[in-house]
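Participant: Take a look at the following structure, please.
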Amino acid sequence: MVLERMQEENDIKQLNQEELDILAEEIREFLVAKISRTGGHLASNLGVVELTMALHMAFYLPEDKLIWDVGHQAYTHKLLTGRRAGFDDLRKYGGMSGFPKRKESDCDAFDTGHSSTSISAGLGYVAARDIQGQGHHVVSIIGDGAMTGGMAYEALNNASRLKSNFIIVLNDNNMSISENVGGISKYLNGLRTAEAYTGLKKGVEDTLLKIPVQGEKIVHQMRKTKSGIKQLIVPGMFFEDMGITYLGPVDGHDIKKLYKILNEAKRVDHAVLVHVLTQKGKGYGPAEDNPARFHGTGPFDVSTGEAVPAEGKDSYTDVFSKVLCDIARNDDKVAAITAAMADGTGLGRFRRYFPERFFDVGIAEEHALTFAAGLAAGGMKPVVAIYSSFLQRAYDQAIHDICLQNLPVVLAVDRAGLVGSDGETHQGLFDLSFLTTIPNMTVMSPKNRWEMADMVRFAVDFGFPCALRYPRGEAYEGMRDFRSPVAYGKSEVLFEEEDIALIFVGHMAGLAGKVRARIKDIGYSCTLINARFMKPLDTEMLELISKEHSLIVTVEENILTGGYGEQVLSYIAKARLDVHVLNIGIPDEYVEHGNVDVLRREVGLDEDTVVKRIITEYVTIRDGRP
């Protein structure tokens with residue numbers, strides 16, 4: 001088995017062509033087998049097997065730097081740097097990450113997880129190299145989907161001024177997660193037909209070289225001309241016009257051609273872009289047929305590609321999707337926006353029913369929010385569905401373009417809280433902290449599936465900026481009997497007693513209910529309150545419970561710094577209310593990958609830890625100990 005010989009970086013350089021072909025096949029078989037059991041990103045990794053092999057053949061790691069945009073396609077890179085054994089615990093707590101991690105290997109040059117960052121990071125590496133007089137190569141690998149993100153173009157603008165080698169590999173598979181959209185996708189489609197140019201250029205050069213004496217001089221002069229024939233054949237030549245040498249397109253599954261063109265790129269004394277054409281899901285039929293389905297997959301049956309059956313209960317995303325479509329049927333002003341995540345955010349259903357009011361803006365969260373602001377200013381009711389961790393990228397637009405003008409934009413903040421196996425870059429732990437700092441923004445979170453439906457309706461009809469925060473996974477079906485109307489800025493008292501008041505945020509409902517039952521079993525009374533609104537804060541409720549309780553406890557799946565609990569604590573202190581406050585949430589640290597239940601135990605959001613902390617705090621207060 002050739003793959004077993006890949007014990008450390010650069011081992012691939014010892015293989016002959018026959019062994020390289022065998023290795024590519026073995027890598028695909030290995031990835032399909034492992035990911036079918038652990039879950040993970042499959043289609044994107046199958047598409048870059050040969051490209052990754054060629055990169056490892058052309059460059060020396062860890063001296064040379066490979067920077068993977070997003071990074072979910074780095075599984076082959078991990079295999080070729082001696083981490084094959086780590087795939088048994090891929091994305092499990094304490095196991096190998098599904099993304100590049102500098103702490104995991106010296107061959108991982110930069111931690112990634114969000115899109116469109118690799119060219120900027122690569123430029124930083126190049127500047128550091130040149131300042132220190134070093135000579136290694138820096139390669140940023142970016143997908144065509146990531147090229148829909150504005151940050152990539154900000155970096156390209158700066159890369160065009162370089163006077164030293166910097167290699168950008170554009171992995172073009174015509175996909176981000178779903179199919180690409182917009183002008184840049186059409187532009188790259190045009191470049192894919194550039195073989196006509198390549199053949200013509202070679203023919204012209206071959207003819208000119210036959211001219212005695214002057215032939216070579218003419219070819220040399222032609223090559224020096226930046227635009228040359230390329231400008232005539234491929235309209236615009238965007239990269240060349242910027243001063244970035246364009247090489248390609250090249251077959252991304254032909255190792256020989258890839259190796260050759262990468263070595264050519266190494267000789268360029270400025271920024272050079274290598275355009276590589278790949279097939280997402282290459283080598284595994286089900287992933288080739290449905291690459292979006294196998295972008296990020298759970299366990300599946302290798303023989304059929306079918307997912308391992310899970311319980312058929314609706315997720316919060318499903319509830320959002322269905323209710324939004326119900327609303328849109330009766331209100332033609334409702335529009336939906338996604339940033340290349342139509343299926344992940346549940347907007348695929350909206351797209352089918354209302355295509356003229358559905359907008360996929362590509363991987364461009366900043367644009368998504370300002371575009372929504374324009375829609376709202378023009379009289380529409382836009383709903384922007386974005387994962388919590390990706391919404392971080394559009395903080396300024398939320399402040400400047402939506403809330404400053406008090407426009408009726410709904411932010412559907414999906415994957416809020418701990419999301420699990422994708423790790424630090426994808427955990428939705430900061431949205432409460434940054435959204436509640438914005439004037440005019442309303443922030444709320446539902447306790448169960450029925451309240452989720454009610455809050456979607458409330459948010460769309462609200463008429464002002466509003467963020468609805470909900471987690472990944474199955475919608476909670478407990479507390480069904482508690483369904484009072486959603487009233488602006490008002491919490492919901494579920495059980496009213498004394499001693500301890502437990503206030504939970506959104507999907508912490510199930511945990512809070514269990515904790516209350518345990519506290520009562522121990523012998524203490526406990527009021528249970530559904531916060532509902534994180535902003536505005538229900539100060540009237542806080543005033544009332546402060547009179548009847550010794551301890552107020554807040555529970556949220558958000559970082560404690562700036563979260564709901566800190567807002568409660570701040571108000572209690574400013575109002576000088578005579579009550580103690582205990583905030584329970586995520587510590588001031590990043591949370592790595594792993595099963596969500598395991599992660600909750602690690603951060604202290606499991607039932608046993610929460611009960612212990614509350615009882616210890618209450619007994620200390622009751623006994624008057626400092």
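Ordering of the structure tokens sets the chain letters (A, B, ...); residue numbers start at 1 within each chain; ligands are numbered from 1 in the order shown.
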Extract, using only C-alpha atoms, all DNA, RNA and protein residues at most 9 Å from A:Asp332, discarding same-chain residues fewer than 6 positions from it, and format them as a PyMOL selection string.

Facilitator: chain A and resi 357+380-381

Participant: Quick one: pick out all strand (DSSP E or B) residues within stretch 459-550 of chain A from a backbone DSSP run and write them as a list of chain:residue names.

Facilitator: A:Cys466, A:Ala467, A:Leu468, A:Arg469, A:Glu474, A:Glu492, A:Val493, A:Leu494, A:Phe495, A:Asp499, A:Ile500, A:Ala501, A:Leu502, A:Ile503, A:Phe504, A:Cys526, A:Thr527, A:Leu528, A:Ile529, A:Asn530, A:Phe533, A:Met534, A:Lys535, A:His549, A:Ser550

Participant: How many Å separate atom CA of A:Pro299 from atom CA of A:Val70?

Facilitator: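 Between atom CA of A:Pro299 and atom CA of A:Val70 the gap is 21.8 Å.
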
Participant: In Å, rounded to a single decimal, give me how far atom CA of A:Pro471 is from atom CA of A:Leu418.

Facilitator: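 Interatomic distance here is 7.7 Å.
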
Participant: Give me, as JSON, numbers by chain, all polymer residues having an atom no more than 9 Å from stretch 82-90 of chain A, counting only C-alpha atoms and skipping those fewer than 4 positions away in the same chain.

Facilitator: {"A": [3, 4, 6, 7, 8, 9, 31, 34, 35, 37, 38, 39, 40, 75, 77, 78, 94, 95, 96, 97, 98, 421]}

Participant: Counting only C-alpha atoms, what is within 8 Å of stretch 13-21 of chain A, bar same-chain residues fewer than 4 positions away, as a list of chain:residue names?

Facilitator: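 Listing them by chain and then by number gives A:Val2, A:Glu25, A:His56, A:Met57.
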
Participant: Using only C-alpha atoms, can you tell me which of A:Glu497, A:Val555, A:Ser445, A:Ala512 comes closest to A:Arg532?

Facilitator: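 Going through A:Glu497, A:Val555, A:Ser445, A:Ala512 one by one, the smallest distance to A:Arg532 is for A:Ser445.
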
Participant: May I have the residues within 12 Å of stretch 117-132 of chain A as an MDAnalysis selection string, using only C-alpha atoms and disregarding those fewer than 5 positions away in the same chain?

Facilitator: chainID A and resid 63:71 100 109:112 137:143 146:170 270:273 363 393

Participant: Tell me, as a compact mmCIF listing (two decimals) with C-alpha atoms, in the first residue's frame, which residues lie within 9 Å of A:Asp106, counting only C-alpha atoms; anything in the same chain fewer than 3 positions away does not count.

Facilitator:
# COMPACT_ATOMS: atom_id res chain seq x y z
CA LEU A 61 7.27 21.43 3.72
CA PRO A 62 7.29 22.91 6.25
CA LYS A 101 -4.26 23.82 12.71
CA ARG A 102 -0.83 25.25 13.41
CA LYS A 103 -0.77 23.55 16.80
CA ALA A 109 0.92 27.28 7.95

Participant: For stretch 56-117 of chain A against stretch 592-607 of chain A, with a cut-off of 7 Å and counting only C-alpha atoms, what is the closest atom pair and its distance in Å to one decimal for every residue that makes the cut, ordered by chain and number, as JSON lines?

Facilitator:
{"residue": "A:Arg91", "atom": "CA", "partner": "A:His593", "partner_atom": "CA", "distance": 5.8}
{"residue": "A:Lys92", "atom": "CA", "partner": "A:Gly594", "partner_atom": "CA", "distance": 4.3}
{"residue": "A:Tyr93", "atom": "CA", "partner": "A:Gly594", "partner_atom": "CA", "distance": 3.9}
{"residue": "A:Ser97", "atom": "CA", "partner": "A:His593", "partner_atom": "CA", "distance": 6.8}

Participant: Write out, as a PDB file, in the first residue's frame, the residues just selected, with C-alpha atoms.

Facilitator:
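Written output follows (again.pdb):
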ATOM      1  CA  ARG A  91     -13.410  15.957  14.360  1.00  0.00           C
ATOM      2  CA  LYS A  92     -13.876  14.177  17.690  1.00  0.00           C
ATOM      3  CA  TYR A  93     -13.018  15.911  20.956  1.00  0.00           C
ATOM      4  CA  SER A  97      -9.337  18.732  13.435  1.00  0.00           C
TER       5      SER A  97
END
